[in-house]
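Structure file data.tsv; described as TSV, C-alpha atoms.
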chain	number	residue	atom	x	y	z
A	1	MET	CA	77.62	127.42	194.85
A	2	SER	CA	74.78	128.27	192.43
A	3	GLY	CA	74.22	126.15	189.24
A	4	ASN	CA	75.02	127.45	185.73
A	5	LYS	CA	72.07	128.74	183.70
A	6	ARG	CA	71.83	127.85	179.99
A	7	LYS	CA	70.03	129.96	177.42
A	8	ALA	CA	67.70	128.34	174.84
A	9	PHE	CA	65.01	129.29	172.30
A	10	THR	CA	61.50	129.49	173.64
A	11	LEU	CA	58.66	127.62	171.96
A	12	THR	CA	57.24	130.92	170.74
A	13	GLU	CA	60.50	131.83	169.01
A	14	LEU	CA	60.67	128.46	167.26
A	15	LEU	CA	57.08	128.81	166.06
A	16	VAL	CA	57.86	132.27	164.64
A	17	VAL	CA	60.83	130.86	162.67
A	18	VAL	CA	58.72	128.00	161.26
A	19	VAL	CA	55.98	130.44	160.23
A	20	VAL	CA	58.50	132.75	158.50
A	21	ILE	CA	60.06	129.82	156.58
A	22	GLY	CA	56.59	128.66	155.55
A	23	VAL	CA	55.63	132.10	154.28
A	24	LEU	CA	58.86	132.43	152.29
A	25	ALA	CA	58.38	128.97	150.76
A	26	ALA	CA	54.78	129.78	149.83
A	27	VAL	CA	55.93	132.98	148.07
A	28	VAL	CA	59.19	131.86	146.44
A	29	LEU	CA	58.43	128.26	145.39
A	30	PRO	CA	55.62	129.12	142.92
A	31	LYS	CA	57.81	131.80	141.32
A	32	TYR	CA	60.73	129.40	141.05
A	33	THR	CA	58.51	126.71	139.53
A	34	LYS	CA	57.17	129.29	137.10
A	35	VAL	CA	60.67	130.19	135.94
A	36	ILE	CA	61.62	126.52	135.42
A	37	GLU	CA	58.47	125.78	133.41
A	38	THR	CA	58.94	128.91	131.31
A	39	ARG	CA	62.50	127.89	130.43
A	40	LYS	CA	61.13	124.62	129.05
A	41	THR	CA	59.06	126.51	126.48
A	42	THR	CA	62.30	127.58	124.75
A	43	GLU	CA	62.65	124.02	123.50
A	44	ALA	CA	59.20	124.07	121.88
A	45	GLU	CA	59.85	127.50	120.34
A	46	ASN	CA	63.11	126.32	118.73
A	47	MET	CA	61.60	123.06	117.48
A	48	MET	CA	58.57	124.72	115.91
A	49	ALA	CA	60.75	127.41	114.33
A	50	ALA	CA	62.91	124.70	112.69
A	51	VAL	CA	59.84	122.85	111.43
A	52	ARG	CA	58.35	126.07	110.07
A	53	THR	CA	61.55	126.84	108.13
A	54	GLU	CA	61.47	123.39	106.52
A	55	GLN	CA	57.74	123.53	105.72
A	56	GLU	CA	57.89	126.99	104.18
A	57	TYR	CA	60.93	125.96	102.13
A	58	ARG	CA	58.95	123.02	100.75
A	59	CYS	CA	56.01	125.30	100.03
A	60	ALA	CA	58.29	127.66	98.08
A	61	LEU	CA	59.29	124.68	95.91
A	62	ASP	CA	55.63	123.79	95.34
A	63	LYS	CA	55.90	120.74	97.55
A	64	PRO	CA	53.25	119.75	100.12
A	65	TYR	CA	53.89	120.18	103.83
A	66	ILE	CA	55.24	117.18	105.70
A	67	GLY	CA	52.25	115.82	107.61
A	68	GLU	CA	53.84	113.16	109.83
A	69	VAL	CA	56.15	113.82	112.77
A	70	ASP	CA	58.21	110.65	112.18
A	71	LYS	CA	59.25	111.99	108.76
A	72	LEU	CA	60.58	115.15	110.44
A	73	VAL	CA	62.53	112.93	112.83
A	74	THR	CA	63.95	110.88	109.95
A	75	ALA	CA	65.01	114.12	108.22
A	76	HIS	CA	66.80	115.20	111.47
A	77	ILE	CA	64.60	118.28	111.84
A	78	LEU	CA	63.13	117.03	115.13
A	79	PRO	CA	65.16	114.89	117.59
A	80	SER	CA	62.10	112.75	118.42
A	81	GLU	CA	58.32	112.85	118.41
A	82	ASN	CA	58.12	113.01	122.22
A	83	THR	CA	60.78	114.68	124.36
A	84	LYS	CA	61.12	115.00	128.12
A	85	ASN	CA	59.16	118.27	128.08
A	86	PHE	CA	56.71	118.09	125.15
A	87	ASN	CA	54.77	115.81	122.84
A	88	TYR	CA	54.78	117.15	119.28
A	89	SER	CA	52.07	116.72	116.65
A	90	LEU	CA	51.33	118.25	113.25
A	91	GLN	CA	48.22	119.85	111.80
A	92	SER	CA	47.56	120.37	108.11
A	93	GLN	CA	48.99	123.92	108.24
A	94	GLY	CA	50.61	124.16	111.68
A	95	MET	CA	52.09	122.40	114.70
A	96	MET	CA	51.33	121.71	118.39
A	97	ALA	CA	53.56	121.05	121.43
A	98	GLU	CA	51.67	119.61	124.41
A	99	SER	CA	53.40	119.90	127.80
A	100	SER	CA	54.29	116.51	129.27
A	101	GLY	CA	54.95	117.91	132.77
A	102	LYS	CA	52.55	118.62	135.61
A	103	TYR	CA	51.29	121.85	133.99
A	104	ASN	CA	48.34	121.62	131.61
A	105	TYR	CA	48.97	123.76	128.53
A	106	THR	CA	49.66	123.39	124.80
A	107	LEU	CA	51.76	125.72	122.66
A	108	GLN	CA	50.58	126.03	119.07
A	109	MET	CA	51.69	127.50	115.78
A	110	PRO	CA	48.32	127.51	114.00
A	111	SER	CA	49.79	128.80	110.73
A	112	TYR	CA	53.26	128.16	109.26
A	113	ALA	CA	52.66	131.24	107.10
A	114	ASP	CA	52.18	133.43	110.20
A	115	GLY	CA	54.74	131.74	112.46
A	116	ARG	CA	53.53	133.19	115.79
A	117	LEU	CA	52.79	131.02	118.82
A	118	CYS	CA	49.77	130.90	121.09
A	119	CYS	CA	48.88	128.97	124.24
A	120	ASP	CA	45.76	127.03	125.19
A	121	GLY	CA	45.18	125.38	128.56
A	122	GLU	CA	44.37	126.23	132.15
A	123	ASP	CA	48.03	126.69	133.12
A	124	CYS	CA	49.05	129.16	130.38
A	125	ASN	CA	48.89	131.95	132.96
A	126	LYS	CA	51.53	130.19	135.05
A	127	LEU	CA	54.20	130.92	132.45
A	128	ASN	CA	56.36	134.05	132.51
A	129	LYS	CA	55.65	134.68	128.82
A	130	ASN	CA	52.67	136.57	127.54
A	131	TYR	CA	51.46	134.08	124.95
A	132	PRO	CA	48.09	135.06	123.51
A	133	THR	CA	45.36	132.49	123.46
A	134	CYS	CA	44.94	130.88	120.06
A	135	GLU	CA	41.55	132.53	119.72
A	136	GLU	CA	43.13	135.95	120.33
A	137	LEU	CA	45.98	135.29	117.88
A	138	ILE	CA	43.72	134.27	115.02
A	139	ALA	CA	41.57	137.34	115.59
A	140	LYS	CA	44.49	139.77	115.16
A	141	PRO	CA	44.19	141.99	112.06
A	142	ASP	CA	47.71	141.13	110.83
A	143	TYR	CA	47.33	137.38	111.33
A	144	GLN	CA	48.20	135.42	108.18
A	145	VAL	CA	45.62	132.72	107.63
A	146	ALA	CA	47.04	129.25	107.11
A	147	THR	CA	46.98	127.80	103.60
A	148	GLU	CA	47.84	124.22	102.79
A	149	CYS	CA	50.64	123.85	100.24
A	150	LYS	CA	49.84	121.55	97.35
A	151	VAL	CA	51.85	120.55	94.29
A	152	ASP	CA	50.62	121.91	91.00
A	153	PRO	CA	50.88	118.98	88.53
A	154	SER	CA	51.43	121.43	85.68
A	155	ASP	CA	54.48	122.90	87.43
A	156	PRO	CA	56.51	120.05	88.91
A	157	PRO	CA	59.06	121.07	91.56
A	158	GLY	CA	62.73	121.15	90.67
A	159	PRO	CA	65.43	119.16	92.42
A	160	LYS	CA	66.42	120.21	95.94
A	161	ASP	CA	70.14	120.58	96.46
A	162	CYS	CA	71.70	119.05	99.57
A	163	VAL	CA	72.95	121.55	102.13
A	164	GLY	CA	75.79	121.24	104.62
A	165	SER	CA	79.15	119.56	104.23
A	166	LYS	CA	79.30	116.34	102.28
A	167	PRO	CA	80.08	113.28	104.47
A	168	SER	CA	83.39	111.52	104.02
A	169	GLU	CA	83.63	109.09	101.12
A	170	ARG	CA	86.99	107.62	102.19
A	171	GLU	CA	88.36	106.84	105.62
A	172	VAL	CA	91.63	105.47	107.00
A	173	CYS	CA	90.95	102.14	108.67
A	174	SER	CA	94.35	100.70	109.67
A	175	SER	CA	97.57	101.84	111.25
A	176	CYS	CA	99.53	101.23	108.04
A	177	GLY	CA	97.37	103.44	105.86
A	178	GLY	CA	94.61	101.12	104.64
A	179	THR	CA	91.35	102.81	103.57
A	180	HIS	CA	87.75	101.91	102.99
A	181	SER	CA	85.17	103.86	101.01
A	182	ARG	CA	81.43	104.36	100.67
A	183	THR	CA	79.07	106.07	98.25
A	184	VAL	CA	77.60	109.47	99.16
A	185	THR	CA	74.76	110.82	97.02
A	186	CYS	CA	72.34	113.71	97.29
A	187	ASN	CA	68.63	112.87	97.65
A	188	HIS	CA	67.10	115.70	95.65
A	189	GLU	CA	63.66	114.92	97.02
A	190	ASN	CA	64.45	115.94	100.59
A	191	GLY	CA	67.85	117.63	100.24
A	192	GLN	CA	69.52	115.09	102.55
A	193	TRP	CA	72.84	113.33	101.99
A	194	GLN	CA	72.41	109.59	101.52
A	195	THR	CA	75.37	107.39	102.50
A	196	GLY	CA	76.03	103.75	101.70
A	197	GLU	CA	77.76	101.14	103.82
A	198	TRP	CA	81.54	101.23	104.25
A	199	SER	CA	83.46	98.77	102.08
A	200	ALA	CA	85.99	96.36	103.55
A	201	CYS	CA	89.35	97.85	104.49
A	202	SER	CA	91.87	97.71	101.65
A	203	ILE	CA	94.44	96.20	104.04
A	204	THR	CA	93.46	93.58	106.60
A	205	ASP	CA	94.73	93.65	110.18
A	206	GLU	CA	96.74	90.51	109.42
A	207	GLU	CA	98.48	92.19	106.50
A	208	CYS	CA	99.02	95.37	108.49
A	209	ASN	CA	100.73	93.43	111.27
A	210	SER	CA	102.94	91.43	108.92
A	211	CYS	CA	106.65	92.05	108.57
A	212	GLU	CA	106.30	93.43	105.05
A	213	TYR	CA	104.34	96.41	106.40
A	214	LYS	CA	106.40	96.77	109.54
A	215	VAL	CA	109.64	97.24	107.62
A	216	GLY	CA	108.02	98.72	104.51
A	217	ASN	CA	107.56	97.26	101.04
A	218	ASP	CA	107.94	100.33	98.85
A	219	GLN	CA	110.49	99.46	96.15
A	220	ASP	CA	111.63	103.06	95.92
A	221	LYS	CA	112.81	102.83	99.53
A	222	ASN	CA	114.93	99.69	98.81
A	223	THR	CA	114.02	98.22	102.21
A	224	GLU	CA	115.58	95.26	103.98
A	225	TYR	CA	112.68	93.06	102.89
A	226	LEU	CA	113.34	93.75	99.20
A	227	ARG	CA	117.12	93.40	99.57
A	228	CYS	CA	116.53	89.98	101.07
A	229	ILE	CA	114.13	88.52	98.49
A	230	ASP	CA	115.21	90.44	95.37
A	231	PRO	CA	119.03	90.82	95.30
A	232	ASP	CA	121.05	92.00	92.30
A	233	TYR	CA	124.58	91.66	90.87
A	234	TYR	CA	126.84	89.60	93.12
A	235	ARG	CA	124.36	89.54	96.04
A	236	TYR	CA	122.65	86.37	97.21
A	237	LYS	CA	119.00	85.76	98.00
A	238	GLY	CA	118.16	85.30	101.65
A	239	SER	CA	115.05	84.04	103.45
A	240	TRP	CA	112.73	86.45	105.19
A	241	ASN	CA	112.20	85.63	108.88
A	242	GLU	CA	108.61	86.56	109.90
A	243	SER	CA	109.27	86.15	113.61
A	244	THR	CA	112.19	88.61	113.70
A	245	CYS	CA	111.20	90.73	110.68
A	246	SER	CA	114.74	90.42	109.35
A	247	CYS	CA	116.66	88.65	106.61
A	248	ASP	CA	118.49	85.35	107.25
A	249	CYS	CA	121.42	85.09	104.83
A	250	PRO	CA	122.33	81.66	103.39
A	251	PRO	CA	125.43	79.76	104.63
A	252	GLU	CA	128.84	81.15	103.65
A	253	THR	CA	127.32	84.63	103.26
A	254	VAL	CA	127.04	87.67	105.50
A	255	LYS	CA	125.23	91.01	105.38
A	256	ASP	CA	127.25	93.84	103.97
A	257	SER	CA	127.00	97.48	105.07
A	258	GLU	CA	123.94	97.99	102.85
A	259	GLY	CA	122.11	94.95	104.20
A	260	TYR	CA	122.61	92.63	101.19
A	261	CYS	CA	123.72	89.00	101.53
A	262	VAL	CA	127.24	88.66	100.05
A	263	LYS	CA	129.99	86.03	100.10
A	264	LYS	CA	131.81	86.04	103.39
A	265	CYS	CA	135.26	86.38	101.76
A	266	GLN	CA	135.81	88.02	98.41
A	267	PRO	CA	137.40	85.80	95.69
A	268	GLY	CA	141.19	85.93	95.44
A	269	GLY	CA	141.84	87.20	98.92
A	270	LYS	CA	143.41	83.94	100.19
A	271	GLU	CA	145.45	83.41	97.01
A	272	ARG	CA	146.94	86.92	97.13
A	273	CYS	CA	147.80	86.53	100.80
A	274	GLU	CA	149.48	83.09	100.66
A	275	GLY	CA	150.88	83.01	97.17
A	276	GLY	CA	151.36	86.55	95.98
A	277	HIS	CA	154.47	88.12	94.52
A	278	GLY	CA	155.34	89.58	97.86
A	279	ILE	CA	155.87	87.85	101.20
A	280	SER	CA	153.52	84.99	102.02
A	281	GLY	CA	151.10	85.77	104.86
A	282	GLU	CA	148.66	83.72	106.90
A	283	TRP	CA	145.00	83.78	105.75
A	284	ASP	CA	142.37	84.27	108.51
A	285	GLY	CA	139.26	82.71	106.97
A	286	GLU	CA	137.06	83.57	109.94
A	287	ASN	CA	137.62	87.31	109.60
A	288	CYS	CA	138.45	87.30	105.87
A	289	GLU	CA	141.79	89.09	106.35
A	290	CYS	CA	145.46	88.51	105.67
A	291	ILE	CA	147.92	88.46	108.61
A	292	CYS	CA	151.39	89.49	107.43
A	293	PRO	CA	154.57	88.18	109.11
A	294	PRO	CA	156.83	90.51	111.12
A	295	GLY	CA	158.82	92.93	109.00
A	296	SER	CA	156.08	93.17	106.36
A	297	THR	CA	152.85	95.09	105.86
A	298	LEU	CA	149.65	94.53	103.87
A	299	GLU	CA	149.45	96.79	100.83
A	300	ASN	CA	146.47	97.84	98.71
A	301	ASP	CA	146.99	94.91	96.33
A	302	GLY	CA	146.12	92.48	99.15
A	303	GLU	CA	149.72	91.12	99.42
A	304	CYS	CA	152.33	91.34	102.15
A	305	HIS	CA	155.39	93.45	101.29
A	306	GLN	CA	158.73	93.94	103.03
A	307	VAL	CA	158.97	97.04	105.17
A	308	CYS	CA	161.98	99.08	104.15
A	309	ASN	CA	164.10	100.40	107.05
A	310	ASN	CA	166.19	103.47	106.34
Please go through the file and, once you have read it, give me the structure as structure tokens.
Amino acid sequence: MSGNKRKAFTLTELLVVVVVIGVLAAVVLPKYTKVIETRKTTEAENMMAAVRTEQEYRCALDKPYIGEVDKLVTAHILPSENTKNFNYSLQSQGMMAESSGKYNYTLQMPSYADGRLCCDGEDCNKLNKNYPTCEELIAKPDYQVATECKVDPSDPPGPKDCVGSKPSEREVCSSCGGTHSRTVTCNHENGQWQTGEWSACSITDEECNSCEYKVGNDQDKNTEYLRCIDPDYYRYKGSWNESTCSCDCPPETVKDSEGYCVKKCQPGGKERCEGGHGISGEWDGENCECICPPGSTLENDGECHQVCNN
């Protein structure tokens, strides 16, 4: 019996595969890295466009350009001075974004008035965008030379209105409708809304969890709490039970159908039952009712009367 033969790759075939993979990696990886780095430049373009809009707006109001990055961060125009991809800095009439990655290049907007970007650095050619060098940009015939905006003392700038929706001045702060408030004013210097600290809640948590708020204390609703502590007419005042959030009526009284504390038995009921003009019945003080003897019935006047048999 002959042994089974197994097929396998030869060393030459394996070497060919390794060489092919290496060639593909050498061709594709730089292009992929180029695409990733180019996508990062979108961040710098958006940031510098936002800064330019703010600076030119100030210039139109005869205000000087903002010259410090931290002030742009405070005004929420830039998220931070240094991001994951770039380090931002300002010039007297423009802005720079230096790459913080492994590539060595700096995007610049030399003139806010012109607004176009250029690139300086040995790795500018590794980007998939045709940024001109800053020397080439400034040499273009249509390039608008940067001018520093300065305030003319004889023509002071007017107030700058705040843009965007006004922040909330009042806010609900408890489950039973308590609110707190704060002041919101417009800073006409920078056009930003200025907000103060929130005041204390108008209703504390302790008050909100109390029985008065659980059952309601609006007099128009005539709640159980008010019926208990503020009765009227023939009703009697009860004591409010915080643990059960209900009214405890005083002795010899019960709650009627409306929830008021009233006398257990109405006056005159016993007298009419036992000593009326009709037949004398037996008074049930526990249930406040008259029990008539056989052959009689309780009429509307509260007395027992003989039943007539035809």
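Taking atom CA of A:Met109 and atom CA of A:Glu81 as the two end points, the separation is 16.3 Å.
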Write out as a short mmCIF file (atom, residue, chain, number, x, y, z; two decimals) with C-alpha atoms, in the coordinates of the input each polymer residue whose atoms come within 12 Å of A:Cys124, counting only C-alpha atoms; drop sequence neighbours fewer than 2 positions from it.
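Final file, result_25.cif:
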data_model
loop_
_atom_site.label_atom_id
_atom_site.label_comp_id
_atom_site.auth_asym_id
_atom_site.auth_seq_id
_atom_site.Cartn_x
_atom_site.Cartn_y
_atom_site.Cartn_z
CA LYS A 34 57.17 129.29 137.10
CA GLU A 37 58.47 125.78 133.41
CA THR A 38 58.94 128.91 131.31
CA THR A 41 59.06 126.51 126.48
CA GLU A 98 51.67 119.61 124.41
CA SER A 99 53.40 119.90 127.80
CA TYR A 103 51.29 121.85 133.99
CA ASN A 104 48.34 121.62 131.61
CA TYR A 105 48.97 123.76 128.53
CA THR A 106 49.66 123.39 124.80
CA LEU A 107 51.76 125.72 122.66
CA GLN A 108 50.58 126.03 119.07
CA CYS A 118 49.77 130.90 121.09
CA CYS A 119 48.88 128.97 124.24
CA ASP A 120 45.76 127.03 125.19
CA GLY A 121 45.18 125.38 128.56
CA GLU A 122 44.37 126.23 132.15
CA LYS A 126 51.53 130.19 135.05
CA LEU A 127 54.20 130.92 132.45
CA ASN A 128 56.36 134.05 132.51
CA LYS A 129 55.65 134.68 128.82
CA ASN A 130 52.67 136.57 127.54
CA TYR A 131 51.46 134.08 124.95
CA PRO A 132 48.09 135.06 123.51
CA THR A 133 45.36 132.49 123.46
CA CYS A 134 44.94 130.88 120.06
#
Give me, as JSON, numbers by chain, all polymer residues having an atom no more than 12 Å from A:Tyr233, counting all atoms listed in the file and skipping those fewer than 4 positions away in the same chain. {"A": [227, 237, 260, 261, 262]}
Hey, what's within 12 Å of stretch 293-298 of chain A if we count all atoms listed in the file and toss same-chain stuff fewer than 3 positions away? As a list of chain:residue names, please? A:Gly269, A:Arg272, A:Cys273, A:Glu274, A:Gly276, A:Gly278, A:Ile279, A:Ser280, A:Gly281, A:Glu282, A:Trp283, A:Glu289, A:Cys290, A:Asp301, A:Gly302, A:Glu303, A:Cys304, A:His305, A:Gln306, A:Val307, A:Cys308, A:Asn309
Quick one: distance from atom CA of A:Thr83 to atom CA of A:Ala44 in Å, one decimal? 9.8 Å
Between A:Val254, A:Tyr225, A:Pro64, A:Lys264, which one has atoms that come closest to A:Trp240, using only C-alpha atoms?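 Among the listed residues, the smallest separation from A:Trp240 belongs to A:Tyr225.
Atom to atom, atom CA of A:Trp193 and atom CA of A:His76 stand 11.4 Å apart.
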In terms of the shortest atom-to-atom distance over all atoms listed in the file, which of A:Gln93, A:Asn125, A:Asn46, A:Asn85 is closest to A:Glu68?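 Among the listed residues, the smallest separation from A:Glu68 belongs to A:Gln93.
Comparing A:Glu224, A:Arg170, A:Ser239, A:Gln192 by their smallest distance to A:Asp256, the closest is A:Glu224 (using all atoms listed in the file).
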Which residues come within 10 Å of A:Ile203, counting all atoms listed in the file, excluding same-chain residues fewer than 6 positions away, as an MDAnalysis selection string? chainID A and resid 173:180 209
Limited to C-alpha atoms, could you put the picked residues into a file as a compact mmCIF listing (two decimals), in the frame of the given file?
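selection32.txt, freshly written:
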# COMPACT_ATOMS: atom_id res chain seq x y z
CA CYS A 173 90.95 102.14 108.67
CA SER A 174 94.35 100.70 109.67
CA SER A 175 97.57 101.84 111.25
CA CYS A 176 99.53 101.23 108.04
CA GLY A 177 97.37 103.44 105.86
CA GLY A 178 94.61 101.12 104.64
CA THR A 179 91.35 102.81 103.57
CA HIS A 180 87.75 101.91 102.99
CA ASN A 209 100.73 93.43 111.27
